[in-house]
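Input: a single structure, listed below in structure tokens.
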Amino acid sequence: MSFIRASHLSRTFKSVKKKEGLKGTFELLFNPQHQEHKALDDVSFEIEAGAFVGLIGANGAGKTTLLKILSGLIPPTSGTAEVLGENPFKRSLSFRKNISLVMGQKAQLWWDLPALDAFELIRAIYEIPEKTYRDRLGMLAELLDVTKLFQTQIRRLSLGERMKMELIGALLHWPKVIFLDEPTIGLDVLAAHKLREFLRDFNSREKATIILTSHNMEDIERLCSRVMILKTGKLLYDGKPQGLTQSGERQLKITLLETPLVSDVAALTGLAPEQISLKGGEDAEELANTNHLWLTIKNDQIAHTLQKLLGRYTISDMGIQGQSLERVIQKIYESESAAGSRT
Amino acid sequence: MKVPGLQWRWAALKNGLQEDAAYRIEFLIGLISSAAVPAAIQVVLWYAIFKVGGQTEVAGMGYSDLVAYTLVSTLFTQVRGGDHDFDLQEMIRTGGLSNYLLRPVSVVEFVYLRGAGGRFFTAGICLVIGALGMSLVGMDPTRLIGAMVLAIMGNILHYQIGAVLATTAFLWEEAYSVLMVKNMLVQLLSGELLPLTLFPEKWAWIWKSTPFYLYVFGPTQYALGKWSTLELLHAMGVGGLWMLGVWLMIRITWGLGIRNYSSLGN
């Protein structure tokens with residue numbers, strides 16, 4: 001049986017449109033104009049109990065709107081959602097006791113109090129028995145390594161420490177469904193890694209169903225057994241994360257002692273010209289260096305391509321890397337646009 | 001025996017008080033300045049009218065009556081509702097409400113109780129200060145207890161009315177102004193600036209038709225012995241009916257308003 005079910009979910013937001021300047025201000029006062037924005041468009045899926053699902057997409061793709069609908073904060077404009085067998089927007093007491101929503105950009109604990117006081121209030125809200133509360137708190141604190149910080153005011157903690165406290169606050173009642181909206185945003189590499197380890201451990205130990213939104217591909221690759229990609233409110237992809245990396249496609253970066261011609265490399269290796277680029281990387285030095293060769297290549301093409309290149313050029317350095325999340329999303333978007341233009 | 005829902009309500013009250021205690025000096029300075037400044041202005045005003053201007057009576061009240069009113073009403077003004085209705089409308093407007101909507105508690109009650117802890121603590125301080133002061137001048141301090149109960153009812157009612165008005169934020173971004181107007185009316189019609197007996201008789205219906213006089217004027221009248229216990233009970237009955245009516249309005253307005261909540265800010 002599905003734990004979470006979305007059927008033809010759509011959500012439209014209406015907002016006031018204000019033109020620039022003083023004239024716009026007066027127009028707004030006497031003749032307000034409204035505009036509509038479709039944040040979700042006919043999205044359907046089902047999620048089984050205990051799944052760890054990654055929800056990705058560019059800004060404004062509708063990820064957070066979907067989480068808000070599934071957690072019961074807002075209703076859909078059309079379509080239906082069912083979580084734990086209930087309509088989330090009814091927000092029944094049993095529903096609220098069994099879910100949790102963590103928003104990486106929003107503090108949910110009380111800033112001026114030490115974490116322990118906030119947890120104590122959460123214990124009372126969810127009527128958690130004292131012993132169970134102590135056991136859970138001890139376990140979560142150990143997993144996240146924050147016991148020493150319990151008596152520090154939340155606002156005095158670092159971003160990573162605060163996020164860990166937010167997670168503890170969100171999990172103390174042992175929810176069956178957890179919605180995580182960019183939980184690793186702003187965290188340093190180590191803190192993000194620890195959080196990821198914790199989430200994976202919690203998911204496998206407690207069999208909680210987790211839906212995670214993130215811009216960080218590492219979050220998705222390391223944690224999620226299933227990925228959903230949204231673009232301007234539409235569900236573009238729903239499947240395993242391995243499918244995202246396009247069956248082993250990699251980026252091969254080769255540094256030569258000379259600047260090659262794309263046509264020469266294509267003729268030599270048999271690769272299509274669109275698989276070859278002289279510009280790539282992210283830092284200024286890489287972008288400026290014309291002796292770099294960037295090849296988007298499948299695993300089984302690597303040996304043959306290198307053999308051909310070594311026979312013709314002098315290679316001073318090389319490296320292979322997976323594709324970044326941005327690149328994967330971009331590719332899927334591009335293919336969707338291409339499919340759209342063909343139909 | 002475990003009373004359902006009592007645990008979180010008590011914890012919210014305690015937690016709010018803990019938060020106020022985190023800023024003890026700010027809390028005390030706020031309390032003293034909000035009491036001392038209006039009281040000083042009123043005492044100077046009465047001095048100017050009676051001692052400098054030579055008046056002997058204003059609307060049936062002498063200099064000592066008005067100074068006594070000012071000092072006692074100052075105690076109840078401190079207990080009068082805080083600004084937690086402003087917090088509510090701000091949460092609706094900015095999406096902060098989402099933090100509470102998914103908790104298994106009543107949002108309106110939770111926000112009140114977290115904010116009321118400090119007020120109830122203040123009520124205790126005012127009770128002690130008032131009882132000491134009244135004993136010193138030979139007045140009956142036990143009347144303060146009944147007066148304080150009415151003042152606390154006023155505190156709850158003040159928040160309830162604010163909670164209803166705050167729901168305009170579901171539809172209108174400038175709901176803040178509605179609450180500002182309500183607070184201005186409260187200042188004028190609660191008796192915290194002037195005794196309501198100073199209103200011309202033909203205008204008395206204005207303050208009598210709102211519940212605001214139950215916040216400060218009513219408790220002060222009872223504490224000073226101007227109202228009988230029967231009048232106090234009558235005022236409590238009126239307050240109770242208002243509370244019930246506004247509670248129903250909260251249920252309706254929140255039920256309707258929440259459908260327009262868009263959980264902005266993220």
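Letters A, B, ... go to the chains of the structure tokens in the order shown; residues in each chain start at 1; ligands are counted from 1 in the same order.
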Using only C-alpha atoms, determine which residues of chain B fall within 7 Å of chain A; present them as a ChimeraX atom specification. /B:7-8,11-12,15,19,98-99,102-105,261-263
Quick one: DSSP alpha helix (DSSP H) residues in region 125-265 of chain A, as a PDB file with C-alpha atoms, in the first residue's frame?
ATOM      1  CA  ILE A 125       3.408  19.055  22.817  1.00  0.00           C
ATOM      2  CA  GLU A 130       9.748  10.940  29.970  1.00  0.00           C
ATOM      3  CA  LYS A 131      11.831   7.784  29.534  1.00  0.00           C
ATOM      4  CA  THR A 132      11.181   7.539  25.802  1.00  0.00           C
ATOM      5  CA  TYR A 133      12.087  11.211  25.474  1.00  0.00           C
ATOM      6  CA  ARG A 134      15.387  10.721  27.333  1.00  0.00           C
ATOM      7  CA  ASP A 135      16.276   7.667  25.238  1.00  0.00           C
ATOM      8  CA  ARG A 136      15.494   9.371  21.932  1.00  0.00           C
ATOM      9  CA  LEU A 137      17.252  12.581  22.891  1.00  0.00           C
ATOM     10  CA  GLY A 138      20.330  10.607  23.938  1.00  0.00           C
ATOM     11  CA  MET A 139      20.356   8.676  20.683  1.00  0.00           C
ATOM     12  CA  LEU A 140      19.850  11.706  18.452  1.00  0.00           C
ATOM     13  CA  ALA A 141      22.422  13.740  20.365  1.00  0.00           C
ATOM     14  CA  GLU A 142      24.954  10.955  20.011  1.00  0.00           C
ATOM     15  CA  LEU A 143      24.312  10.504  16.297  1.00  0.00           C
ATOM     16  CA  LEU A 144      24.634  14.224  15.686  1.00  0.00           C
ATOM     17  CA  LEU A 159      24.336  27.343  11.271  1.00  0.00           C
ATOM     18  CA  GLY A 160      25.328  23.672  11.211  1.00  0.00           C
ATOM     19  CA  GLU A 161      24.756  23.222  14.937  1.00  0.00           C
ATOM     20  CA  ARG A 162      21.392  24.955  14.657  1.00  0.00           C
ATOM     21  CA  MET A 163      20.374  22.697  11.794  1.00  0.00           C
ATOM     22  CA  LYS A 164      21.238  19.655  13.876  1.00  0.00           C
ATOM     23  CA  MET A 165      19.084  21.002  16.708  1.00  0.00           C
ATOM     24  CA  GLU A 166      16.253  21.642  14.240  1.00  0.00           C
ATOM     25  CA  LEU A 167      16.509  18.035  13.131  1.00  0.00           C
ATOM     26  CA  ILE A 168      16.407  16.750  16.704  1.00  0.00           C
ATOM     27  CA  GLY A 169      13.360  18.963  17.367  1.00  0.00           C
ATOM     28  CA  ALA A 170      11.693  17.583  14.263  1.00  0.00           C
ATOM     29  CA  LEU A 171      12.408  13.949  15.060  1.00  0.00           C
ATOM     30  CA  VAL A 189      31.292  19.932   3.971  1.00  0.00           C
ATOM     31  CA  LEU A 190      31.831  18.155   7.282  1.00  0.00           C
ATOM     32  CA  ALA A 191      28.513  19.219   8.798  1.00  0.00           C
ATOM     33  CA  ALA A 192      26.644  18.274   5.619  1.00  0.00           C
ATOM     34  CA  HIS A 193      28.383  14.892   5.589  1.00  0.00           C
ATOM     35  CA  LYS A 194      27.449  14.208   9.232  1.00  0.00           C
ATOM     36  CA  LEU A 195      23.863  15.204   8.580  1.00  0.00           C
ATOM     37  CA  ARG A 196      23.679  12.901   5.603  1.00  0.00           C
ATOM     38  CA  GLU A 197      25.098  10.004   7.599  1.00  0.00           C
ATOM     39  CA  PHE A 198      22.556  10.678  10.305  1.00  0.00           C
ATOM     40  CA  LEU A 199      19.619  10.791   7.900  1.00  0.00           C
ATOM     41  CA  ARG A 200      20.674   7.561   6.227  1.00  0.00           C
ATOM     42  CA  ASP A 201      21.073   5.880   9.592  1.00  0.00           C
ATOM     43  CA  PHE A 202      17.704   7.156  10.828  1.00  0.00           C
ATOM     44  CA  ASN A 203      15.928   6.043   7.669  1.00  0.00           C
ATOM     45  CA  SER A 204      17.352   2.526   7.807  1.00  0.00           C
ATOM     46  CA  ARG A 205      16.896   2.148  11.571  1.00  0.00           C
ATOM     47  CA  GLU A 206      13.427   3.575  11.963  1.00  0.00           C
ATOM     48  CA  MET A 217      23.708  16.170  -5.818  1.00  0.00           C
ATOM     49  CA  GLU A 218      25.717  14.474  -3.089  1.00  0.00           C
ATOM     50  CA  ASP A 219      22.658  14.560  -0.822  1.00  0.00           C
ATOM     51  CA  ILE A 220      20.619  12.860  -3.494  1.00  0.00           C
ATOM     52  CA  GLU A 221      23.210  10.314  -4.623  1.00  0.00           C
ATOM     53  CA  ARG A 222      24.182   9.216  -1.148  1.00  0.00           C
ATOM     54  CA  LEU A 223      20.736   9.059   0.375  1.00  0.00           C
ATOM     55  CA  VAL A 262      37.442  20.319 -32.071  1.00  0.00           C
ATOM     56  CA  SER A 263      37.062  18.983 -35.610  1.00  0.00           C
ATOM     57  CA  ASP A 264      40.484  17.265 -35.409  1.00  0.00           C
ATOM     58  CA  VAL A 265      39.627  15.638 -32.076  1.00  0.00           C
TER      59      VAL A 265
END
Excluding Leu193 (chain B) and residues on its chain fewer than 4 positions from it, collect all residues at most 9 Å away from it, counting only C-alpha atoms, and give them as a PyMOL selection string. chain B and resi 38-39+42+70+73+187-189
So, counting only C-alpha atoms, which residue among A:Ser277, A:Leu9, A:Leu295, A:Gly270 is closest to Lys308 (chain A)?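 Ranked by minimum distance to Lys308 (chain A), first place goes to A:Gly270.
When CA of Lys176 (chain A) is paired with CA of Leu70 (chain A), their separation reads 13.3 Å.
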Near region 153-160 of chain B, within 9 Å and counting only C-alpha atoms, which residues show up once chain neighbours fewer than 6 positions away are dropped, as a CSV table (one decimal) with N, CA and C atoms, in the first residue's frame?
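Below you can see out.csv, which holds the result:
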chain,number,residue,atom,x,y,z
B,79,VAL,N,-1.2,44.5,33.2
B,79,VAL,CA,-1.8,43.2,33.0
B,79,VAL,C,-2.5,43.1,31.7
B,80,ARG,N,-3.0,44.3,31.2
B,80,ARG,CA,-3.7,44.4,30.0
B,80,ARG,C,-3.0,43.7,28.8
B,81,GLY,N,-3.7,43.1,27.9
B,81,GLY,CA,-3.1,42.2,26.9
B,81,GLY,C,-1.8,42.8,26.2
B,82,GLY,N,-0.9,41.9,25.8
B,82,GLY,CA,0.3,42.3,25.2
B,82,GLY,C,0.1,42.4,23.7
B,83,ASP,N,1.1,42.2,22.9
B,83,ASP,CA,1.0,42.3,21.5
B,83,ASP,C,1.1,41.0,20.7
B,84,HIS,N,0.7,40.0,21.3
B,84,HIS,CA,0.8,38.6,20.7
B,84,HIS,C,-0.1,38.5,19.5
B,85,ASP,N,-1.1,39.3,19.5
B,85,ASP,CA,-2.0,39.3,18.3
B,85,ASP,C,-1.2,39.9,17.1
B,108,VAL,N,-3.6,29.3,17.9
B,108,VAL,CA,-4.0,30.6,18.6
B,108,VAL,C,-3.8,30.5,20.1
B,112,TYR,N,-0.8,32.5,22.4
B,112,TYR,CA,-1.2,33.2,23.6
B,112,TYR,C,-0.4,32.8,24.8
B,116,ALA,N,1.8,34.8,27.3
B,116,ALA,CA,1.1,35.2,28.5
B,116,ALA,C,1.9,35.0,29.8
B,119,ARG,N,3.0,38.1,31.4
B,119,ARG,CA,1.9,38.9,31.9
B,119,ARG,C,1.4,38.4,33.2
B,186,VAL,N,-8.5,50.7,22.4
B,186,VAL,CA,-8.3,50.2,23.7
B,186,VAL,C,-7.7,51.2,24.7
B,211,PRO,N,-16.0,45.8,25.1
B,211,PRO,CA,-15.6,45.1,26.3
B,211,PRO,C,-14.3,45.7,26.9
B,212,PHE,N,-13.8,46.8,26.3
B,212,PHE,CA,-12.5,47.2,26.7
B,212,PHE,C,-12.5,47.8,28.2
B,213,TYR,N,-13.6,48.3,28.6
B,213,TYR,CA,-13.6,48.8,30.0
B,213,TYR,C,-13.4,47.8,31.1
B,214,LEU,N,-13.5,46.5,30.6
B,214,LEU,CA,-13.3,45.4,31.6
B,214,LEU,C,-11.8,45.2,31.8
B,215,TYR,N,-10.9,45.8,31.0
B,215,TYR,CA,-9.5,45.6,31.1
B,215,TYR,C,-8.9,46.3,32.3
B,216,VAL,N,-9.2,47.6,32.4
B,216,VAL,CA,-8.5,48.5,33.4
B,216,VAL,C,-9.6,49.2,34.2
B,236,MET,N,-17.9,40.3,35.2
B,236,MET,CA,-17.3,39.0,34.9
B,236,MET,C,-18.2,38.3,33.9
B,239,GLY,N,-18.0,39.8,30.6
B,239,GLY,CA,-16.7,39.4,30.1
B,239,GLY,C,-16.7,38.0,29.5
B,240,GLY,N,-17.4,37.1,30.3
B,240,GLY,CA,-17.5,35.7,29.9
B,240,GLY,C,-18.2,35.5,28.6
B,242,TRP,N,-18.6,37.8,26.3
B,242,TRP,CA,-17.7,38.3,25.2
B,242,TRP,C,-16.7,37.3,24.8
B,243,MET,N,-16.1,36.6,25.8
B,243,MET,CA,-15.1,35.6,25.5
B,243,MET,C,-15.6,34.5,24.7
B,246,VAL,N,-16.4,35.8,21.1
B,246,VAL,CA,-15.2,36.0,20.3
B,246,VAL,C,-14.5,34.6,20.0
B,247,TRP,N,-14.6,33.7,21.0
B,247,TRP,CA,-14.0,32.4,20.7
B,247,TRP,C,-14.7,31.7,19.5
B,250,ILE,N,-13.3,33.3,16.5
B,250,ILE,CA,-12.0,32.8,16.2
B,250,ILE,C,-12.1,31.5,15.4
Which polymer residues have any atom within 7 Å of an atom of region 48-59 of chain A, counting only C-alpha atoms, with same-chain residues fewer than 5 positions away left out, as JSON, numbers by chain? {"A": [1, 2, 3, 4, 207, 208, 209, 210, 211, 212, 213, 214, 215, 220, 223, 224, 225, 226, 227, 228, 229, 230, 231, 329]}
Would you write out those residues with C-alpha atoms, as a JSON list (two decimals), in the first residue's frame?
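Produced file part_2.json, reproduced below:
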[["chain", "number", "residue", "atom", "x", "y", "z"],
["A", 1, "MET", "CA", 0.00, 0.00, 0.00],
["A", 2, "SER", "CA", 1.24, 3.52, -0.82],
["A", 3, "PHE", "CA", 2.21, 5.71, 2.09],
["A", 4, "ILE", "CA", 2.05, 8.90, 0.09],
["A", 207, "LYS", "CA", 11.99, 2.88, 8.49],
["A", 208, "ALA", "CA", 10.69, 6.44, 8.33],
["A", 209, "THR", "CA", 9.57, 7.65, 4.92],
["A", 210, "ILE", "CA", 11.66, 10.66, 3.95],
["A", 211, "ILE", "CA", 11.23, 13.16, 1.14],
["A", 212, "LEU", "CA", 14.21, 15.40, 0.70],
["A", 213, "THR", "CA", 14.64, 18.44, -1.51],
["A", 214, "SER", "CA", 18.17, 19.56, -2.22],
["A", 215, "HIS", "CA", 20.35, 21.34, -4.74],
["A", 220, "ILE", "CA", 20.62, 12.86, -3.49],
["A", 223, "LEU", "CA", 20.74, 9.06, 0.37],
["A", 224, "CYS", "CA", 17.95, 8.55, -2.10],
["A", 225, "SER", "CA", 16.81, 5.34, -3.71],
["A", 226, "ARG", "CA", 14.44, 7.31, -5.88],
["A", 227, "VAL", "CA", 14.57, 10.74, -7.45],
["A", 228, "MET", "CA", 11.86, 13.03, -8.75],
["A", 229, "ILE", "CA", 12.74, 16.04, -10.87],
["A", 230, "LEU", "CA", 10.41, 18.98, -11.20],
["A", 231, "LYS", "CA", 10.57, 21.75, -13.74],
["A", 329, "ILE", "CA", 19.14, 18.94, -14.46]]
Can you list, as a PyMOL selection string, every protein, DNA or RNA residue that comes within 8 Å of Gly257 (chain B) when you count only C-alpha atoms, leaving out same-chain residues fewer than 3 positions away? chain B and resi 167-168+170-171+253-254+260-261
